[in-house]
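> See run-v5.cif below, with mmCIF, C-alpha atoms and all ligand atoms.
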```
data_work
loop_
_atom_site.label_atom_id
_atom_site.label_comp_id
_atom_site.auth_asym_id
_atom_site.auth_seq_id
_atom_site.Cartn_x
_atom_site.Cartn_y
_atom_site.Cartn_z
CA MET J 145 16.94 17.30 -47.59
CA SER J 146 14.50 15.29 -45.55
CA LEU J 147 12.36 12.35 -46.58
CA SER J 148 8.75 13.40 -46.69
CA LEU J 149 5.39 11.82 -47.36
CA SER J 150 4.52 14.55 -49.81
CA THR J 151 7.42 13.81 -52.19
CA GLU J 152 6.14 13.62 -55.76
CA SER J 153 7.37 11.02 -58.21
CA GLN J 154 10.36 12.31 -60.15
CA GLU J 155 11.75 12.66 -63.63
CA PRO J 156 14.54 10.13 -64.13
CA PRO J 157 18.09 11.58 -64.15
CA ALA J 158 20.52 10.78 -66.96
CA GLU J 159 21.99 7.91 -64.90
CA ALA J 160 18.65 6.06 -64.72
CA VAL J 161 18.39 2.62 -66.33
CA ASP J 162 14.85 1.56 -67.26
CA GLY J 163 13.48 4.29 -64.98
CA THR J 164 15.48 3.11 -61.94
CA TRP J 165 18.36 4.89 -60.23
CA LEU J 166 20.06 5.41 -56.85
CA GLU J 167 19.71 8.72 -55.05
CA CYS J 168 21.39 10.12 -51.93
CA ILE J 169 18.82 11.03 -49.28
CA GLU J 170 21.09 13.82 -47.98
CA CYS J 171 22.42 15.71 -51.03
CA GLY J 172 20.25 14.35 -53.86
CA GLU J 173 23.21 13.09 -55.94
CA THR J 174 22.07 10.40 -58.38
CA PHE J 175 23.83 7.26 -59.60
CA ALA J 176 23.21 4.45 -62.10
CA PRO J 177 21.65 1.48 -60.30
CA PHE J 178 23.91 -1.43 -61.26
CA ASP J 179 27.08 0.13 -62.72
CA ASP J 180 29.40 0.28 -59.74
CA ILE J 181 29.26 -1.06 -56.23
CA ARG J 182 28.36 1.61 -53.72
CA TYR J 183 26.36 1.62 -50.50
CA THR J 184 26.53 5.31 -49.64
CA CYS J 185 26.87 8.57 -51.56
CA ASP J 186 30.23 9.26 -53.25
CA GLU J 187 29.79 12.97 -52.54
CA CYS J 188 28.62 13.15 -48.92
CA ASP J 189 28.50 9.56 -47.59
CA GLY J 190 24.72 9.86 -47.09
CA LEU J 191 22.43 6.84 -47.31
CA LEU J 192 21.19 5.85 -50.77
CA GLU J 193 17.69 4.95 -51.89
CA VAL J 194 16.47 3.16 -55.00
CA ARG J 195 14.20 5.52 -56.96
CA TYR J 196 11.76 4.84 -59.80
CA ASP J 197 10.09 7.14 -62.31
CA ASP J 198 7.00 4.93 -62.44
CA LEU J 199 5.43 4.01 -59.10
CA PRO J 200 2.81 1.26 -58.97
CA THR J 201 -0.70 1.14 -57.51
CA PHE J 202 -2.25 -1.98 -55.95
CA ASP J 203 -3.72 -2.96 -59.33
CA ASP J 204 -0.21 -3.47 -60.68
CA PHE J 205 0.50 -6.39 -58.33
CA SER J 206 -0.19 -10.03 -59.15
CA GLY J 207 0.97 -13.43 -57.92
CA SER J 208 2.07 -14.27 -54.38
CA GLY J 209 5.06 -13.55 -52.13
CA VAL J 210 7.72 -10.87 -52.45
CA TRP J 211 7.75 -11.01 -56.27
CA ARG J 212 4.04 -10.24 -56.42
CA TYR J 213 5.31 -6.70 -55.90
CA ASN J 214 7.94 -6.64 -58.65
CA ALA J 215 6.35 -3.49 -60.09
CA ALA J 216 7.71 -1.82 -56.93
CA LEU J 217 11.11 -3.56 -57.08
CA PRO J 218 14.31 -2.98 -59.07
CA LEU J 219 14.21 -6.43 -60.74
CA GLU J 220 11.48 -8.60 -62.27
CA THR J 221 12.49 -11.61 -60.22
CA GLY J 222 15.25 -12.68 -57.83
CA VAL J 223 17.00 -15.54 -56.10
CA THR J 224 13.87 -17.00 -54.56
CA ILE J 225 13.05 -19.61 -51.90
CA GLN J 226 9.37 -18.57 -51.82
CA GLU J 227 9.66 -15.74 -49.32
CA GLY J 228 6.84 -13.45 -48.26
CA ALA J 229 3.07 -14.10 -48.16
CA THR J 230 3.39 -14.57 -44.40
CA PRO J 231 0.32 -14.96 -42.16
CA LEU J 232 -1.49 -11.98 -40.65
CA TYR J 233 -2.98 -13.75 -37.66
CA ARG J 234 -6.15 -12.72 -35.85
CA VAL J 235 -5.62 -12.79 -32.07
CA PRO J 236 -9.04 -12.15 -30.48
CA ARG J 237 -7.94 -12.69 -26.87
CA LEU J 238 -4.90 -10.44 -27.21
CA GLU J 239 -6.98 -7.85 -29.07
CA GLU J 240 -9.31 -7.70 -26.09
CA SER J 241 -6.62 -7.68 -23.42
CA VAL J 242 -4.63 -4.95 -25.18
CA GLY J 243 -7.87 -3.05 -25.77
CA VAL J 244 -7.82 -1.96 -29.40
CA GLU J 245 -10.45 -2.10 -32.14
CA ALA J 246 -8.42 -4.63 -34.13
CA LEU J 247 -5.07 -6.33 -33.57
CA ARG J 248 -3.35 -8.49 -36.18
CA ILE J 249 0.03 -10.19 -35.95
CA LYS J 250 2.14 -10.20 -39.12
CA HIS J 251 4.38 -13.19 -38.45
CA GLU J 252 7.56 -12.76 -40.43
CA GLY J 253 8.98 -15.82 -38.66
CA MET J 254 7.05 -17.83 -41.26
CA ASN J 255 9.53 -16.95 -44.02
CA PRO J 256 11.86 -19.67 -45.45
CA THR J 257 14.71 -19.08 -42.98
CA GLY J 258 12.38 -17.91 -40.21
CA SER J 259 12.72 -14.13 -40.39
CA PHE J 260 11.86 -11.09 -42.55
CA LYS J 261 15.47 -10.94 -43.75
CA ASP J 262 14.55 -13.33 -46.56
CA ARG J 263 12.52 -10.57 -48.20
CA GLY J 264 15.61 -8.40 -48.40
CA MET J 265 17.95 -11.17 -49.47
CA THR J 266 15.81 -12.38 -52.39
CA VAL J 267 16.37 -8.93 -53.91
CA GLY J 268 19.84 -8.14 -52.52
CA VAL J 269 21.47 -11.40 -53.57
CA ALA J 270 19.91 -11.10 -57.05
CA VAL J 271 21.42 -7.62 -57.38
CA ALA J 272 24.78 -9.01 -56.22
CA ARG J 273 24.56 -11.58 -59.01
CA GLU J 274 23.68 -8.82 -61.48
CA LEU J 275 26.72 -6.83 -60.33
CA GLY J 276 28.93 -9.91 -60.75
CA VAL J 277 30.50 -9.73 -57.28
CA GLY J 278 32.50 -12.57 -55.73
CA ARG J 279 31.98 -12.88 -52.00
CA LEU J 280 28.84 -11.85 -50.09
CA ALA J 281 29.16 -10.68 -46.50
CA CYS J 282 27.21 -9.32 -43.57
CA ALA J 283 27.51 -8.50 -39.90
CA SER J 284 24.64 -9.98 -37.96
CA THR J 285 22.88 -10.53 -34.69
CA GLY J 286 21.93 -13.84 -36.35
CA ASN J 287 18.96 -13.64 -38.68
CA THR J 288 20.68 -11.76 -41.47
CA SER J 289 23.47 -14.34 -41.41
CA ALA J 290 20.97 -17.22 -41.69
CA ALA J 291 19.20 -15.56 -44.61
CA LEU J 292 22.42 -14.57 -46.39
CA ALA J 293 23.80 -18.10 -46.03
CA ALA J 294 20.65 -19.64 -47.53
CA TYR J 295 20.18 -17.17 -50.39
CA GLY J 296 23.91 -17.02 -51.09
CA THR J 297 24.21 -20.77 -51.49
CA ARG J 298 21.02 -20.79 -53.57
CA ALA J 299 22.80 -18.38 -55.93
CA ASP J 300 25.96 -20.51 -55.74
CA MET J 301 27.97 -17.65 -54.20
CA GLU J 302 30.49 -17.59 -51.36
CA THR J 303 29.17 -16.14 -48.08
CA LEU J 304 30.97 -14.70 -45.08
CA VAL J 305 29.21 -13.69 -41.86
CA LEU J 306 30.58 -11.81 -38.84
CA LEU J 307 28.77 -12.49 -35.57
CA PRO J 308 29.27 -11.03 -32.09
CA ALA J 309 30.81 -13.96 -30.17
CA GLY J 310 28.48 -15.51 -27.60
CA LYS J 311 25.57 -13.17 -28.41
CA VAL J 312 23.80 -14.97 -31.24
CA ALA J 313 20.91 -17.38 -30.60
CA ALA J 314 21.67 -21.04 -31.28
CA GLY J 315 19.19 -21.60 -34.13
CA LYS J 316 20.66 -18.78 -36.19
CA VAL J 317 24.28 -19.94 -35.93
CA ALA J 318 23.12 -23.46 -36.84
CA GLN J 319 21.39 -22.14 -39.96
CA ALA J 320 24.35 -20.08 -41.16
CA SER J 321 26.57 -23.07 -40.53
CA LEU J 322 24.46 -25.69 -42.33
CA HIS J 323 23.80 -23.45 -45.32
CA GLY J 324 27.54 -23.20 -45.71
CA ALA J 325 28.54 -19.67 -44.69
CA ARG J 326 32.03 -19.06 -43.38
CA ILE J 327 31.33 -17.81 -39.84
CA LEU J 328 33.67 -15.42 -38.03
CA GLU J 329 32.92 -14.94 -34.33
CA VAL J 330 34.10 -11.45 -33.47
CA ASP J 331 35.22 -10.41 -30.02
CA GLY J 332 32.93 -7.37 -30.04
CA ASN J 333 29.27 -6.42 -30.39
CA PHE J 334 27.15 -6.21 -33.56
CA ASP J 335 28.11 -2.60 -34.23
CA ALA J 336 31.81 -3.54 -34.20
CA CYS J 337 31.06 -6.41 -36.62
CA LEU J 338 29.31 -3.98 -38.97
CA ASP J 339 32.23 -1.54 -38.83
CA ILE J 340 34.53 -4.37 -39.98
CA VAL J 341 32.22 -5.60 -42.76
CA GLN J 342 31.89 -2.02 -44.03
CA ASP J 343 35.69 -1.76 -44.09
CA LEU J 344 35.97 -5.09 -45.95
CA ALA J 345 33.33 -3.97 -48.45
CA GLY J 346 35.10 -0.60 -48.86
CA ARG J 347 38.33 -2.44 -49.67
CA GLY J 348 36.54 -4.51 -52.32
CA GLU J 349 36.84 -7.75 -50.34
CA ALA J 350 33.11 -8.47 -50.15
CA TYR J 351 29.67 -7.28 -51.23
CA LEU J 352 27.81 -5.98 -48.20
CA LEU J 353 24.30 -7.27 -47.59
CA ASN J 354 23.38 -5.52 -44.38
CA SER J 355 20.40 -3.17 -44.49
CA LEU J 356 22.76 -0.33 -45.38
CA ASN J 357 22.46 -1.91 -48.84
CA PRO J 358 19.56 0.00 -50.43
CA PHE J 359 18.41 -2.98 -52.51
CA ARG J 360 17.72 -5.10 -49.44
CA LEU J 361 15.25 -2.54 -48.13
CA GLU J 362 13.35 -2.70 -51.42
CA GLY J 363 12.47 -6.32 -50.68
CA GLN J 364 11.48 -5.45 -47.12
CA LYS J 365 8.95 -2.88 -48.40
CA THR J 366 6.76 -5.85 -49.28
CA ILE J 367 5.96 -6.43 -45.58
CA GLY J 368 4.10 -3.13 -45.64
CA LEU J 369 2.44 -3.82 -48.99
CA GLU J 370 1.15 -7.18 -47.77
CA ILE J 371 -0.21 -5.70 -44.53
CA LEU J 372 -1.96 -2.88 -46.39
CA GLU J 373 -3.55 -5.16 -48.97
CA ALA J 374 -4.80 -7.54 -46.26
CA PHE J 375 -6.26 -4.73 -44.15
CA LEU J 376 -7.98 -3.24 -47.19
CA ALA J 377 -9.53 -6.65 -47.90
CA ASP J 378 -10.59 -7.29 -44.28
CA TYR J 379 -11.50 -3.80 -43.00
CA ASP J 380 -11.73 -1.71 -46.15
CA ALA J 381 -9.07 0.54 -44.65
CA VAL J 382 -5.33 0.46 -44.04
CA PRO J 383 -4.16 0.01 -40.41
CA ASP J 384 -4.02 3.05 -38.17
CA ARG J 385 -0.68 1.92 -36.81
CA ILE J 386 2.09 -0.59 -37.47
CA VAL J 387 4.21 -1.51 -34.45
CA LEU J 388 7.60 -3.10 -35.04
CA PRO J 389 10.82 -4.01 -33.23
CA VAL J 390 13.77 -1.77 -34.13
CA GLY J 391 17.45 -2.68 -34.37
CA ASN J 392 19.19 -1.10 -37.34
CA ALA J 393 15.86 0.51 -38.28
CA GLY J 394 15.89 -1.10 -41.72
CA ASN J 395 12.28 -2.23 -41.59
CA THR J 396 11.15 1.15 -40.30
CA ALA J 397 12.91 2.77 -43.25
CA ALA J 398 11.52 0.20 -45.71
CA LEU J 399 7.91 0.55 -44.56
CA PHE J 400 8.15 4.34 -44.72
CA LYS J 401 9.47 4.08 -48.28
CA ALA J 402 6.62 1.76 -49.28
CA PHE J 403 4.13 4.31 -47.92
CA ARG J 404 5.84 7.27 -49.60
CA GLU J 405 5.69 5.47 -52.92
CA LEU J 406 1.98 4.70 -52.50
CA VAL J 407 1.34 8.36 -51.70
CA ALA J 408 3.36 9.43 -54.75
CA SER J 409 1.40 7.02 -56.98
CA GLY J 410 -1.86 8.47 -55.65
CA GLU J 411 -2.92 5.23 -53.92
CA LEU J 412 -2.82 6.73 -50.40
CA THR J 413 -3.14 10.23 -48.97
CA PRO J 414 -0.53 11.27 -46.40
CA GLU J 415 -3.31 11.15 -43.75
CA ASP J 416 -4.06 7.49 -44.56
CA VAL J 417 -0.54 6.32 -43.84
CA PRO J 418 -0.20 4.07 -40.76
CA LYS J 419 1.67 5.52 -37.80
CA LEU J 420 5.06 3.82 -37.68
CA THR J 421 5.75 2.89 -34.09
CA GLY J 422 9.16 1.50 -33.19
CA VAL J 423 10.00 -0.56 -30.13
CA GLN J 424 13.45 -1.15 -28.69
CA ALA J 425 14.75 -3.02 -25.67
CA GLU J 426 15.55 -0.70 -22.76
CA GLY J 427 19.22 -1.74 -22.86
CA ALA J 428 19.59 -0.87 -26.56
CA ALA J 429 17.33 2.09 -27.24
CA PRO J 430 19.20 4.85 -29.13
CA MET J 431 16.29 5.44 -31.54
CA VAL J 432 13.86 5.87 -28.66
CA GLU J 433 16.27 8.34 -27.09
CA ALA J 434 16.40 10.35 -30.33
CA ILE J 435 12.60 10.42 -30.68
CA GLU J 436 12.11 11.40 -27.04
CA ASN J 437 14.70 14.18 -27.29
CA ASP J 438 13.44 15.30 -30.71
CA ALA J 439 17.04 14.95 -31.88
CA ASP J 440 18.09 15.13 -35.54
CA GLU J 441 20.63 12.37 -35.09
CA VAL J 442 20.90 9.19 -33.10
CA ARG J 443 23.67 8.93 -30.51
CA ARG J 444 25.63 5.67 -30.78
CA TRP J 445 25.36 3.56 -27.60
CA ASP J 446 28.64 1.72 -27.01
CA GLU J 447 27.26 -0.52 -24.27
CA VAL J 448 24.11 -2.45 -25.17
CA GLU J 449 22.44 -5.41 -23.49
CA THR J 450 19.14 -7.25 -23.82
CA ARG J 451 17.75 -10.77 -23.83
CA ALA J 452 16.36 -9.91 -27.29
CA THR J 453 19.78 -10.46 -28.89
CA ALA J 454 18.45 -9.79 -32.41
CA ILE J 455 18.02 -6.12 -31.52
CA ARG J 456 21.10 -5.75 -29.33
CA ILE J 457 22.27 -2.82 -31.47
CA GLY J 458 23.63 0.56 -30.39
CA ASN J 459 24.15 2.29 -33.73
CA PRO J 460 21.06 2.02 -35.97
CA VAL J 461 22.59 2.77 -39.36
CA ASN J 462 19.25 3.47 -41.05
CA ALA J 463 18.26 6.16 -38.56
CA PRO J 464 18.42 8.99 -41.17
CA LYS J 465 15.72 7.14 -43.13
CA ALA J 466 13.75 5.87 -40.15
CA LEU J 467 13.52 8.95 -37.91
CA PRO J 468 11.56 10.92 -40.56
CA GLY J 469 9.42 7.80 -41.07
CA ILE J 470 8.34 7.75 -37.45
CA ARG J 471 7.85 11.52 -37.30
CA GLU J 472 6.13 12.08 -40.65
CA THR J 473 3.60 9.32 -40.04
CA GLY J 474 2.72 10.62 -36.57
CA GLY J 475 4.16 7.52 -34.93
CA THR J 476 6.48 7.21 -31.96
CA ALA J 477 9.13 5.00 -30.38
CA VAL J 478 9.12 3.32 -27.00
CA SER J 479 11.42 1.07 -25.01
CA VAL J 480 10.42 -2.03 -23.05
CA THR J 481 12.16 -4.11 -20.40
CA ASP J 482 13.35 -7.67 -20.97
CA GLU J 483 10.63 -8.81 -18.54
CA GLU J 484 7.97 -7.07 -20.65
CA ILE J 485 9.42 -8.72 -23.76
CA THR J 486 9.25 -12.18 -22.18
CA ALA J 487 5.69 -11.57 -20.97
CA ALA J 488 4.67 -10.62 -24.53
CA GLN J 489 6.48 -13.68 -25.91
CA ARG J 490 4.36 -15.82 -23.55
CA ASP J 491 1.19 -13.92 -24.56
CA LEU J 492 1.81 -14.63 -28.25
CA ALA J 493 2.68 -18.25 -27.47
CA GLY J 494 -0.68 -18.46 -25.69
CA GLU J 495 -2.34 -17.67 -29.02
CA GLY J 496 -0.27 -20.39 -30.69
CA ILE J 497 2.18 -17.95 -32.24
CA GLY J 498 5.82 -18.81 -31.56
CA VAL J 499 8.24 -15.90 -31.83
CA GLU J 500 11.76 -15.07 -30.73
CA PRO J 501 12.24 -12.41 -28.00
CA ALA J 502 12.98 -9.44 -30.31
CA SER J 503 9.71 -10.10 -32.14
CA ALA J 504 7.70 -9.92 -28.95
CA ALA J 505 9.00 -6.40 -28.35
CA SER J 506 6.33 -5.11 -30.75
CA LEU J 507 3.47 -6.45 -28.67
CA ALA J 508 5.16 -5.37 -25.42
CA GLY J 509 5.51 -1.85 -26.82
CA LEU J 510 1.91 -1.75 -28.00
CA ARG J 511 0.68 -2.80 -24.55
CA LYS J 512 2.73 -0.08 -22.92
CA LEU J 513 1.60 2.65 -25.32
CA ARG J 514 -2.04 1.57 -24.99
CA ALA J 515 -1.76 1.66 -21.19
CA GLU J 516 -0.25 5.16 -21.42
CA GLY J 517 -3.09 6.28 -23.69
CA VAL J 518 -0.74 7.02 -26.63
CA VAL J 519 -2.56 4.34 -28.61
CA ASP J 520 -6.35 4.82 -28.69
CA ALA J 521 -8.99 2.14 -28.12
CA ASP J 522 -10.45 2.73 -31.58
CA GLU J 523 -7.24 1.96 -33.45
CA ARG J 524 -6.70 -0.93 -35.82
CA VAL J 525 -3.13 -2.11 -35.30
CA ALA J 526 -0.71 -4.52 -36.97
CA CYS J 527 2.17 -5.81 -34.87
CA LEU J 528 5.18 -7.19 -36.69
CA THR J 529 6.78 -10.32 -35.26
CA THR J 530 10.08 -10.57 -37.03
CA GLY J 531 11.53 -14.00 -36.18
CA HIS J 532 10.43 -17.55 -35.34
CA LEU J 533 10.47 -19.10 -31.85
CA LEU J 534 12.92 -21.83 -32.94
CA LYS J 535 15.54 -19.21 -33.73
CA ASP J 536 16.25 -18.90 -30.01
CA PRO J 537 15.33 -22.21 -28.36
CA ASP J 538 17.13 -21.28 -25.14
CA ALA J 539 15.03 -18.13 -24.65
CA ALA J 540 11.85 -20.09 -25.43
CA ALA J 541 12.71 -22.83 -22.94
CA ALA J 542 13.58 -20.27 -20.28
CA ALA J 543 10.26 -18.45 -20.80
CA GLY J 544 8.20 -21.65 -20.93
CA GLN J 545 7.22 -24.51 -18.64
CA ASP J 546 9.89 -26.85 -17.31
CA PRO J 547 9.59 -30.51 -18.38
CA GLU J 548 8.74 -32.86 -15.48
CA PRO J 549 10.73 -36.09 -15.20
CA VAL J 550 8.56 -39.20 -14.51
CA PRO J 551 9.21 -42.96 -14.37
CA ALA J 552 8.22 -45.07 -17.44
CA ASP J 553 5.09 -46.45 -15.75
CA THR J 554 1.44 -45.46 -16.27
CA ASP J 555 0.48 -45.64 -12.56
CA ASP J 556 3.46 -43.48 -11.65
CA VAL J 557 2.51 -41.02 -14.39
CA LEU J 558 -1.08 -40.85 -13.08
CA ALA J 559 0.13 -40.44 -9.51
CA HIS J 560 2.40 -37.62 -10.70
CA LEU J 561 -0.47 -35.89 -12.53
CA GLN J 562 -2.63 -36.04 -9.38
CA ARG J 563 0.01 -34.52 -7.18
N1 LIG Y 1 13.73 -8.46 -35.22
C1 LIG Y 1 14.58 -9.45 -35.52
C2 LIG Y 1 14.16 -10.85 -35.22
C3 LIG Y 1 15.82 -9.16 -36.11
O1 LIG Y 1 16.65 -10.15 -36.40
C4 LIG Y 1 16.18 -7.81 -36.34
C5 LIG Y 1 17.46 -7.45 -36.92
C6 LIG Y 1 15.24 -6.82 -36.01
C7 LIG Y 1 14.04 -7.18 -35.46
C8 LIG Y 1 15.52 -5.40 -36.25
O2 LIG Y 1 15.25 -5.04 -37.54
O3 LIG Y 1 17.32 -3.82 -38.10
O4 LIG Y 1 15.29 -3.63 -39.52
O5 LIG Y 1 15.37 -2.59 -37.27
N2 LIG Y 1 18.41 -8.27 -37.08
C9 LIG Y 1 19.66 -7.99 -37.79
C10 LIG Y 1 20.43 -9.26 -37.99
C11 LIG Y 1 20.43 -6.89 -37.22
O6 LIG Y 1 21.66 -9.21 -38.08
O7 LIG Y 1 19.82 -10.32 -38.08
P1 LIG Y 1 15.85 -3.67 -38.15
#
```
Now, as a test, write the supplied structure out as structure tokens.


Amino acid sequence: MSLSLSTESQEPPAEAVDGTWLECIECGETFAPFDDIRYTCDECDGLLEVRYDDLPTFDDFSGSGVWRYNAALPLETGVTIQEGATPLYRVPRLEESVGVEALRIKHEGMNPTGSFKDRGMTVGVAVARELGVGRLACASTGNTSAALAAYGTRADMETLVLLPAGKVAAGKVAQASLHGARILEVDGNFDACLDIVQDLAGRGEAYLLNSLNPFRLEGQKTIGLEILEAFLADYDAVPDRIVLPVGNAGNTAALFKAFRELVASGELTPEDVPKLTGVQAEGAAPMVEAIENDADEVRRWDEVETRATAIRIGNPVNAPKALPGIRETGGTAVSVTDEEITAAQRDLAGEGIGVEPASAASLAGLRKLRAEGVVDADERVACLTTGHLLKDPDAAAAAGQDPEPVPADTDDVLAHLQR
């Protein structure tokens, strides 16, 4: 089985509850949505997706934020801190310097905890509550842990986060800490942390809220729905391309699912769908490798390194959902150097948009693909910036201007300015 844009909406299986069920993307096995706790298929261990018999069109959405889209979600409402409805900035100078017809920046750093993870957690934590689980847990390069800590405490649930020691930006650890998560610093990278959390979840010790959890990706679909609605309002057309940073490839999978559902509901044709274009850091680019080699599977990279610590990931667990997303939409994947990432972070900052390094990878990748002629001058493009500048104050300070020490005297200050 492969995920395709031409998939029709389906008849609900016997396990469906209110027209919602879980389905394995590999073998097609179906499961009741909220009966038992499972993250992968009982039969073949394939990834699961939430499926619906009734798929909405744009007319079915009302209100603001993630829950505007509840007709496309498994619950009516969730554990909310007013996530979603993030800005889609115009950046005229960047648009001109990149050289595309239109460039908009969807700044997911403007969510409650400063990253897109909130969109997943508002749904995922609500499902956890529905399932009646005890402890919530995740492995994280930082943002997931901040979001889980905030939404978990909002739901009055215990939270446990596993972080790769020394490789998580300061703002994110501070958030997880203040929102009351128990933080374990693991002597290993993110992928090792995720292996452990999966084991803990498998042994019934915790409910896993990484993007392997199919309910989290439902919330993240709303990024795509917001971008499409805004482009339709501003340009009377959906974007030609959406460029996004890739770590575990959860967002890539979620956007592809949003588009497939709009095609199935008759709202979009497969040709309308924006080209999903993933960007990874050169030192952590297994998805790019798979796209370049036209491989069916992603090879796990054991050694990964990049300044963009949020995407310092060697084993993108959502690859089986995301690779078809990139291919079916006619998109691509590209890697960028840490220097290109920092340059793009400065470029965005120059438009007044403060993002963390991983976020800037999208713009860096777009620049590279435009320069190579892969992206055309007549394209309208949305770049996703996934996390706020204050998440990683050290990276921001290193990329920015150094403060200048001066004496506390106006004449000395003036003399200094004239130097
Ligand atoms: N950008 C930021 C700022 C992130 O924090 C992440 C993932 C990504 C991009 C990649 O998104 O996994 O959907 O491809 N951060 C996770 C975390 C891994 O633990 O916070 P993806």

> Ranking J:Pro418, J:Pro256, J:Pro389, J:Gly348 by minimum distance to Gly368 of chain J and counting all atoms listed in the file, which one comes first?

J:Pro418

> Using all atoms listed in the file and a cutoff of 9 Å, can you tell me which residues are near (14.8, 3.0, -65.9) in the file's coordinates, and write them out as a ChimeraX atom specification?

/J:156,159-165,177,196-198

> Would you save the residues from that selection as a compact mmCIF listing (two decimals), in the frame of the given file, using C-alpha atoms?


```
# COMPACT_ATOMS: atom_id res chain seq x y z
CA PRO J 156 14.54 10.13 -64.13
CA GLU J 159 21.99 7.91 -64.90
CA ALA J 160 18.65 6.06 -64.72
CA VAL J 161 18.39 2.62 -66.33
CA ASP J 162 14.85 1.56 -67.26
CA GLY J 163 13.48 4.29 -64.98
CA THR J 164 15.48 3.11 -61.94
CA TRP J 165 18.36 4.89 -60.23
CA PRO J 177 21.65 1.48 -60.30
CA TYR J 196 11.76 4.84 -59.80
CA ASP J 197 10.09 7.14 -62.31
CA ASP J 198 7.00 4.93 -62.44
```

> Within 7 Å of ligand LIG 1 (chain Y), which residues show up when you count all atoms listed in the file? List them as a PyMOL selection string, please.

chain J and resi 259+283-289+389-396+454-455+500+502-503+530-531

> Give me the residues within 6 Å of Val244 of chain J as a VMD selection string, counting only C-alpha atoms and dropping any in the same chain fewer than 5 places off.

chain J and resid 239 521 to 523

> Identify which of the residues J:Val242, J:Leu338, J:Ala345, J:Ala294 lies closest to Gly509 of chain J, counting only C-alpha atoms when measuring atom-to-atom distances.

J:Val242
